[in-house]
Structure formats: C-alpha cells, structure tokens
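The next block holds one structure in the form of structure tokens; read it before the comments.
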Amino acid sequence: MNTSPPARIAQQLFQESGLASSHEPIETNVVDALLARHYQLSGHLERLATEKDDTFRLRTGTADHLVKVSPPDEAVAVVALQTAVMRHLETEAPHLPVQRVKETTEGSDNVPIETNDGGVRVLRVFDFVEGAVLARTNPDPHQLAQAGQMLGRVDLALRSFRHPADERRLVWDLRHFDQLRELIEYTPSAAHRRLAQEVFRLFHEAIVPRLGDLETQVIHGDYSPYNVLVDPRTDSFVTGVIDFGDSMRSALIFDPAVSLANLLGRTPWDPWREACSFVAGYERARPIKDTELPLLPVAALARLTLRALVTHWRAERVPERRDYLLEHAKDDWANVERAMAVAMEEVVARLLSIRHDTS
C-alpha cells in the first residue's frame with residue numbers, strides 16, 4: 001500500500017477542503033468565554049465528533065444550541081458561503097426546516113478567532129434541531145421519498161443563489177473525481193482496489209465527457225442520512241436539514257448522488273431499492289433532466305467509492321478522528337460491490353419507470 005503523500009492535485013483538494021491535516025482542538029473554556037461575551041449564552045458544552053471542525057452542543061437549561069468553530073485551514077470566505085446559504089433559505093423558503101444561524105449581540109453571524117499563527121477561525125451558533133438522524137431509522141419507501149422531496153425543495157430554493165465563494169474547490173465535489181485515481185493506491189485490499197478502478201472507468205466514460213454540459217447551481221453538498229433529522233410520527237417525516245459545510249456550486253445531479261451513495265446496499269437483496277424511492281421523491285420537487293438522469297447511478301457509485309478512498313487516506317493521517325471516519329464508512333466497499341452487481345442499464349430503466357409511474 002502506498003504511504004507517500006498524494007500527488008499535487010489531490011493534495012491541493014484536501015488542503016482546500018480542510019482535510020489535509022489535523023489541528024489542536026479549541027479549548028472549551030475559550031468557547032465558553034466567547035459565548036458569554038458575544039451571545040450572552042452560558043451552560044454545559046458537550047463536544048461532538050465531526051469530520052473536521054470543532055462542534056459542541058450547548059445546553060443552557062432553556063434551549064439547546066449547536067456551536068461550531070471552523071478548522072484553521074478553512075477560508076473565512078467559505079464559512080461566509082455556508083452561512084449565506086442558510087440565510088438565503090431562511091428568507092426564500094422559511095417553511096423548510098433548515099437549521100437557523102443565531103446572531104451575536106452585536107448583530108453579526110459569527111465571531112472571528114485569531115490563532116497564534118496569524119490565521120482566523122470562525123465561531124458560529126445555530127439552533128439545535130431535535131430529532132433522530134435518518135441513518136438511525138428504517139424508513140419505508142414513502143418516507144424515503146419524503147426525504148428525497150425535501151432535498152428537491154432545498155435545491156429548488158437554492159436555484160437563484162449566488163455567492164463570491166460558491167466556486168470553492170472541494171475534494172467531495174464529483175467534478176474532480178476523475179483526477180483522484182491515485183487514492184486507489186492507499187486502499188489496503190486488492191479486491192477493493194479493483195472495485196474502485198471499475199467505478200473510475202464507469203465515471204470516466206459516462207460522466208467526464210458531459211461535465212461541461214450538466215446543469216449547475218449551488219447545492220447542499222452533503223445531504224446524507226446523518227444530516228437529515230426525521231420523526232416518523234409527523235406527516236412530513238423530515239424535521240430538520242443540517243450541516244451546509246459542503247455547500248458549493250456544482251452539477252445538480254451530484255446533490256441527490258450524495259444521498260443515494262448513503263442508501264446503496266442497505267437492502268442487500270435489492271441494493272438500489274431505497275435509492276430509487278429517494279429519487280422518486282426528489283423529482284416531485286426538482287425534476288432531473290432526461291439527459292442527466294441516466295448519469296445519476298454512476299455519480300452515486302462514484303461518491304460512495306470516493307468516501308471509502310478518502311476515509312482510508314485520512315484515518316491514517318488524522319488519528320484523533322479515526323473512529324468517526326471509520327464508523328461512517330464501515331460498509332462502503334460492501335455496498336459498492338452490491339450495487340455494482342446490478343447493471344447500470346437496469347438501474348436507469350428502473351428510475352425511468354418509477355418516474356412514469358408517479359407522473
């Protein structure tokens with residue numbers, strides 16, 4: 001297995017995504033002081049495991065809040081983009097259950113924190129959205145369609161959104177997937193390397209020639225089952241949409257592809273079952289172009305493969321987040337294999353038939 005640093009393109013993407021290195025966690029007492037000074041909030045801070053930033057749940061006794069401090073290598077402009085996306089949705093689609101940003105007592109969206117090396121980290125406070133994450137439930141097809149429809153409504157509301165930083169480069173953006181083949185070398189299993197090579201082949205043949213023609217807009221970027229809160233007792237099912245940390249301008253089909261990647265293989269006897277239900281719901285709100293729908297299954301496979309590859313690479317280099325990373329990707333290779341056992345033509349035909357059945 002290769003243990004040397006990845007080549008320049010991949011390394012740049014990791015750095016711009018805030019994933020290239022670890023950092024010292026911010027001290028809880030520092031966060032306490034900033035919350036008291038700028039938000040007049042106090043209470044018990046509980047540190048939460050996350051991919052790259054420092055995140056806390058603040059319990060005040062009357063209301064809970066989510067507190068995030070951006071990693072040192074995440075640009076201030078990118079944090080501003082994330083906040084602007086949420087503000088846009090709050091204004092343009094106030095009925096959507098999107099997490100809200102809390103203002104400071106001075107009327108700002110955040111508190112900048114200067115680091116010892118001259119950099120800036122950004123502290124923000126959000127309302128804490130109650131509910132079970134979709135990943136911890138067993139949704140039926142109707143509920144999966146409701147989750148899909150919610151993403152479609154979010155994407156519809158973001159169609160007009162613009163921001164100076166929305167062209168950010170992110171390793172998770174599938175526009176760059178074809179340039180990350182070298183990550184295959186960091187995967188210890190030969191069988192997994194062969195699976196990855198086949199997914200890269202599919203992506204290179206089906207999607208790369210079309211990248212310049214795909215419909216683009218700002219997307220959520222990480223509408224995974226861990227960022228969707230649900231309550232099966234409610235008619236709407238979805239009670240919260242959180243974590244806009246991967247928002248960017250990219251191909252529209254790459255947004256539902258993230259969700260599909262997390263649903264593949266969860267029903268081993270029919271590995272695309274849940275994904276098809278999700279797409280049926282998504283298209284009720286934000287129909288996918290006829291020319292682009294056939295690309296969605298390949299994009300989903302690419303996203304799932306990318307997570308598996310990135311997880312292996314990061315788990316060795318950021319040991320303090322190893323457990324979090326491996327937990328979220330523990331079944332990825334098995335699910336890639338299950339999903340690829342079904343011909344892409346068969347999956348596309350199924351998606352088209354579902355579309356016709358629900359039209």
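FYI, nothing fancy with the structure tokens labels: chains A, B, ... in order, residues from 1 per chain, ligands from 1 as they appear.
Those residues that approach Gly240 in chain A to within 6 Å, counting only C-alpha atoms, are A:Pro97, A:Val98, A:Val228, A:Leu229; same-chain residues fewer than 5 positions away are not listed.
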Save the residues we just selected, N, CA and C atoms, as a PDB file, in the first residue's frame?
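And here's selection.pdb as it stands now:
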ATOM      1  N   PRO A  97     -37.504  23.168   6.996  1.00  0.00           N
ATOM      2  CA  PRO A  97     -36.929  23.003   8.348  1.00  0.00           C
ATOM      3  C   PRO A  97     -35.404  23.019   8.339  1.00  0.00           C
ATOM      4  N   VAL A  98     -34.851  24.126   7.864  1.00  0.00           N
ATOM      5  CA  VAL A  98     -33.402  24.274   7.769  1.00  0.00           C
ATOM      6  C   VAL A  98     -32.872  24.909   9.049  1.00  0.00           C
ATOM      7  N   VAL A 228     -29.910  14.625   7.988  1.00  0.00           N
ATOM      8  CA  VAL A 228     -31.362  14.733   7.832  1.00  0.00           C
ATOM      9  C   VAL A 228     -32.004  14.206   9.108  1.00  0.00           C
ATOM     10  N   LEU A 229     -32.766  15.065   9.786  1.00  0.00           N
ATOM     11  CA  LEU A 229     -33.446  14.675  11.016  1.00  0.00           C
ATOM     12  C   LEU A 229     -34.898  14.352  10.705  1.00  0.00           C
TER      13      LEU A 229
END
List every residue of range 129-242 of chain A that DSSP, applied to the backbone of this structure, assigns to alpha helix (DSSP H), and report them as a PyMOL selection string.
chain A and resi 141-158+190-206
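For the residues A:Leu296, A:Leu195, A:Ile354, A:Leu309, ranking by smallest atom-to-atom distance to Ala334 in chain A using only C-alpha atoms places A:Leu195 first.
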A:Ala349, A:Met248, A:Ala341, A:Leu263 ranked by distance to Leu81 in chain A, top pick (using only C-alpha atoms):
A:Met248
Could you pull out the strand (DSSP E) residues of range 63-174 of chain A from DSSP and send them as an MDAnalysis selection string?
chainID A and resid 64:69 101:102 111:114 120:127 132:133
Nearest to Leu96 in chain A among A:Ala49, A:Leu158, A:Val31, A:Leu134, with distances taken over only C-alpha atoms: which residue is it?
A:Leu158
Within 10 Å of range 52-70 of chain A: each range 117-184 of chain A residue with its shortest pair, only C-alpha atoms, as JSON lines:
{"residue": "A:Val120", "atom": "CA", "partner": "A:Ser70", "partner_atom": "CA", "distance": 8.9}
{"residue": "A:Arg121", "atom": "CA", "partner": "A:Ser70", "partner_atom": "CA", "distance": 5.4}
{"residue": "A:Val122", "atom": "CA", "partner": "A:Ser70", "partner_atom": "CA", "distance": 5.2}
{"residue": "A:Leu123", "atom": "CA", "partner": "A:Val69", "partner_atom": "CA", "distance": 4.3}
{"residue": "A:Arg124", "atom": "CA", "partner": "A:Lys68", "partner_atom": "CA", "distance": 5.4}
{"residue": "A:Val125", "atom": "CA", "partner": "A:Val67", "partner_atom": "CA", "distance": 4.6}
{"residue": "A:Phe126", "atom": "CA", "partner": "A:Leu66", "partner_atom": "CA", "distance": 5.0}
{"residue": "A:Asp127", "atom": "CA", "partner": "A:His65", "partner_atom": "CA", "distance": 4.7}
{"residue": "A:Phe128", "atom": "CA", "partner": "A:His65", "partner_atom": "CA", "distance": 4.5}
{"residue": "A:Val129", "atom": "CA", "partner": "A:His65", "partner_atom": "CA", "distance": 8.3}
{"residue": "A:Glu130", "atom": "CA", "partner": "A:Asp64", "partner_atom": "CA", "distance": 9.2}
Write the selection just made, keeping all heavy atoms, as a compact mmCIF listing (two decimals), in the first residue's frame?
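Output file again13.txt is given in full below:
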# COMPACT_ATOMS: atom_id res chain seq x y z
N VAL A 120 -7.30 32.73 11.05
CA VAL A 120 -8.58 33.06 11.65
C VAL A 120 -9.49 31.83 11.62
O VAL A 120 -9.65 31.19 10.57
CB VAL A 120 -9.27 34.22 10.91
CG1 VAL A 120 -10.66 34.49 11.50
CG2 VAL A 120 -8.43 35.48 10.96
N ARG A 121 -10.07 31.51 12.77
CA ARG A 121 -11.12 30.51 12.85
C ARG A 121 -12.43 31.25 13.12
O ARG A 121 -12.42 32.38 13.60
CB ARG A 121 -10.83 29.49 13.95
CG ARG A 121 -9.50 28.78 13.77
CD ARG A 121 -9.28 27.71 14.84
NE ARG A 121 -10.22 26.61 14.66
CZ ARG A 121 -10.26 25.53 15.44
NH1 ARG A 121 -9.42 25.43 16.46
NH2 ARG A 121 -11.11 24.57 15.23
N VAL A 122 -13.54 30.63 12.79
CA VAL A 122 -14.82 31.32 12.89
C VAL A 122 -15.77 30.52 13.78
O VAL A 122 -16.01 29.33 13.54
CB VAL A 122 -15.47 31.50 11.50
CG1 VAL A 122 -16.82 32.21 11.61
CG2 VAL A 122 -14.54 32.29 10.59
N LEU A 123 -16.29 31.18 14.81
CA LEU A 123 -17.27 30.56 15.70
C LEU A 123 -18.67 30.99 15.28
O LEU A 123 -18.92 32.19 15.08
CB LEU A 123 -17.00 30.96 17.15
CG LEU A 123 -17.94 30.37 18.22
CD1 LEU A 123 -17.18 30.14 19.52
CD2 LEU A 123 -19.16 31.26 18.49
N ARG A 124 -19.57 30.03 15.17
CA ARG A 124 -20.98 30.32 14.86
C ARG A 124 -21.87 29.51 15.81
O ARG A 124 -21.48 28.43 16.27
CB ARG A 124 -21.31 29.96 13.43
CG ARG A 124 -20.66 30.84 12.37
CD ARG A 124 -20.93 30.32 10.96
NE ARG A 124 -20.34 29.01 10.77
CZ ARG A 124 -20.63 28.20 9.75
NH1 ARG A 124 -21.53 28.55 8.86
NH2 ARG A 124 -20.03 27.03 9.64
N VAL A 125 -23.06 30.03 16.03
CA VAL A 125 -24.04 29.37 16.89
C VAL A 125 -25.31 29.14 16.07
O VAL A 125 -25.79 30.05 15.38
CB VAL A 125 -24.36 30.21 18.15
CG1 VAL A 125 -25.45 29.54 18.98
CG2 VAL A 125 -23.10 30.41 18.98
N PHE A 126 -25.85 27.93 16.17
CA PHE A 126 -27.08 27.57 15.46
C PHE A 126 -28.11 27.07 16.47
O PHE A 126 -27.74 26.64 17.58
CB PHE A 126 -26.82 26.44 14.45
CG PHE A 126 -25.65 26.69 13.54
CD1 PHE A 126 -24.37 26.29 13.89
CD2 PHE A 126 -25.81 27.33 12.33
CE1 PHE A 126 -23.29 26.50 13.07
CE2 PHE A 126 -24.73 27.56 11.48
CZ PHE A 126 -23.47 27.15 11.86
N ASP A 127 -29.37 27.10 16.06
CA ASP A 127 -30.35 26.42 16.90
C ASP A 127 -30.10 24.93 16.83
O ASP A 127 -29.58 24.41 15.84
CB ASP A 127 -31.79 26.78 16.49
CG ASP A 127 -32.11 26.40 15.06
OD1 ASP A 127 -31.18 26.09 14.30
OD2 ASP A 127 -33.30 26.41 14.69
N PHE A 128 -30.42 24.22 17.90
CA PHE A 128 -30.23 22.78 17.93
C PHE A 128 -31.53 22.11 17.48
O PHE A 128 -32.57 22.28 18.12
CB PHE A 128 -29.85 22.29 19.33
CG PHE A 128 -29.35 20.87 19.35
CD1 PHE A 128 -28.00 20.60 19.21
CD2 PHE A 128 -30.23 19.81 19.47
CE1 PHE A 128 -27.52 19.29 19.21
CE2 PHE A 128 -29.77 18.51 19.48
CZ PHE A 128 -28.41 18.24 19.34
N VAL A 129 -31.47 21.39 16.36
CA VAL A 129 -32.66 20.77 15.80
C VAL A 129 -32.82 19.37 16.40
O VAL A 129 -31.94 18.52 16.25
CB VAL A 129 -32.57 20.68 14.27
CG1 VAL A 129 -33.86 20.09 13.70
CG2 VAL A 129 -32.30 22.05 13.67
N GLU A 130 -33.91 19.16 17.08
CA GLU A 130 -34.17 17.86 17.69
C GLU A 130 -34.66 16.87 16.64
O GLU A 130 -35.24 17.25 15.62
CB GLU A 130 -35.23 18.00 18.79
CG GLU A 130 -34.80 18.86 19.97
CD GLU A 130 -33.75 18.18 20.85
OE1 GLU A 130 -33.49 16.97 20.64
OE2 GLU A 130 -33.20 18.86 21.72
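Considering only C-alpha atoms, the residue among A:Thr305, A:Thr28, A:Ser224, A:Asn335 positioned nearest to Ala135 in chain A is A:Ser224.
When CA of Asp109 in chain A is paired with CA of Ala147 in chain A, their separation reads 28.5 Å.
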For a quick check of understanding, using only C-alpha atoms, which of A:Asp117, A:Asp235, A:Asp255, A:Glu316 has the smallest distance to Thr187 in chain A?
A:Glu316
So that each row is one residue of range 131-181 of chain A with an atom at most 9 Å from range 89-93 of chain A, can you give its shortest atom pair and the distance in Å to one decimal, using only C-alpha atoms, rows by chain and rising number, as a tab-separated table?
residue	atom	partner	partner_atom	distance
A:Arg153	CA	A:Ala93	CA	8.8
A:Val154	CA	A:Leu89	CA	7.7
A:Ala157	CA	A:Ala93	CA	6.4
A:Leu158	CA	A:Leu89	CA	7.2
Take the residues just selected and output them with N, CA and C atoms as an mmCIF file, in the first residue's frame.
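result02.cif was written with the following content:
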data_model
loop_
_atom_site.group_PDB
_atom_site.id
_atom_site.type_symbol
_atom_site.label_atom_id
_atom_site.label_comp_id
_atom_site.auth_asym_id
_atom_site.auth_seq_id
_atom_site.Cartn_x
_atom_site.Cartn_y
_atom_site.Cartn_z
ATOM 1 N N ARG A 153 -36.728 20.240 -2.700
ATOM 2 C CA ARG A 153 -37.235 21.564 -2.334
ATOM 3 C C ARG A 153 -36.098 22.501 -1.924
ATOM 4 N N VAL A 154 -35.099 21.953 -1.232
ATOM 5 C CA VAL A 154 -33.928 22.757 -0.882
ATOM 6 C C VAL A 154 -33.200 23.200 -2.155
ATOM 7 N N ALA A 157 -35.045 25.919 -3.966
ATOM 8 C CA ALA A 157 -34.906 27.216 -3.313
ATOM 9 C C ALA A 157 -33.518 27.817 -3.531
ATOM 10 N N LEU A 158 -32.516 26.974 -3.771
ATOM 11 C CA LEU A 158 -31.151 27.457 -3.979
ATOM 12 C C LEU A 158 -30.848 27.786 -5.436
#
Between CA of Ala285 in chain A and CA of Ala80 in chain A, distance in Å (one decimal)
27.3 Å
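In this comparison, which uses only C-alpha atoms, the residue of A:Leu260, A:Cys276, A:Leu301, A:Leu183 approaching Pro225 in chain A most closely is A:Leu260.
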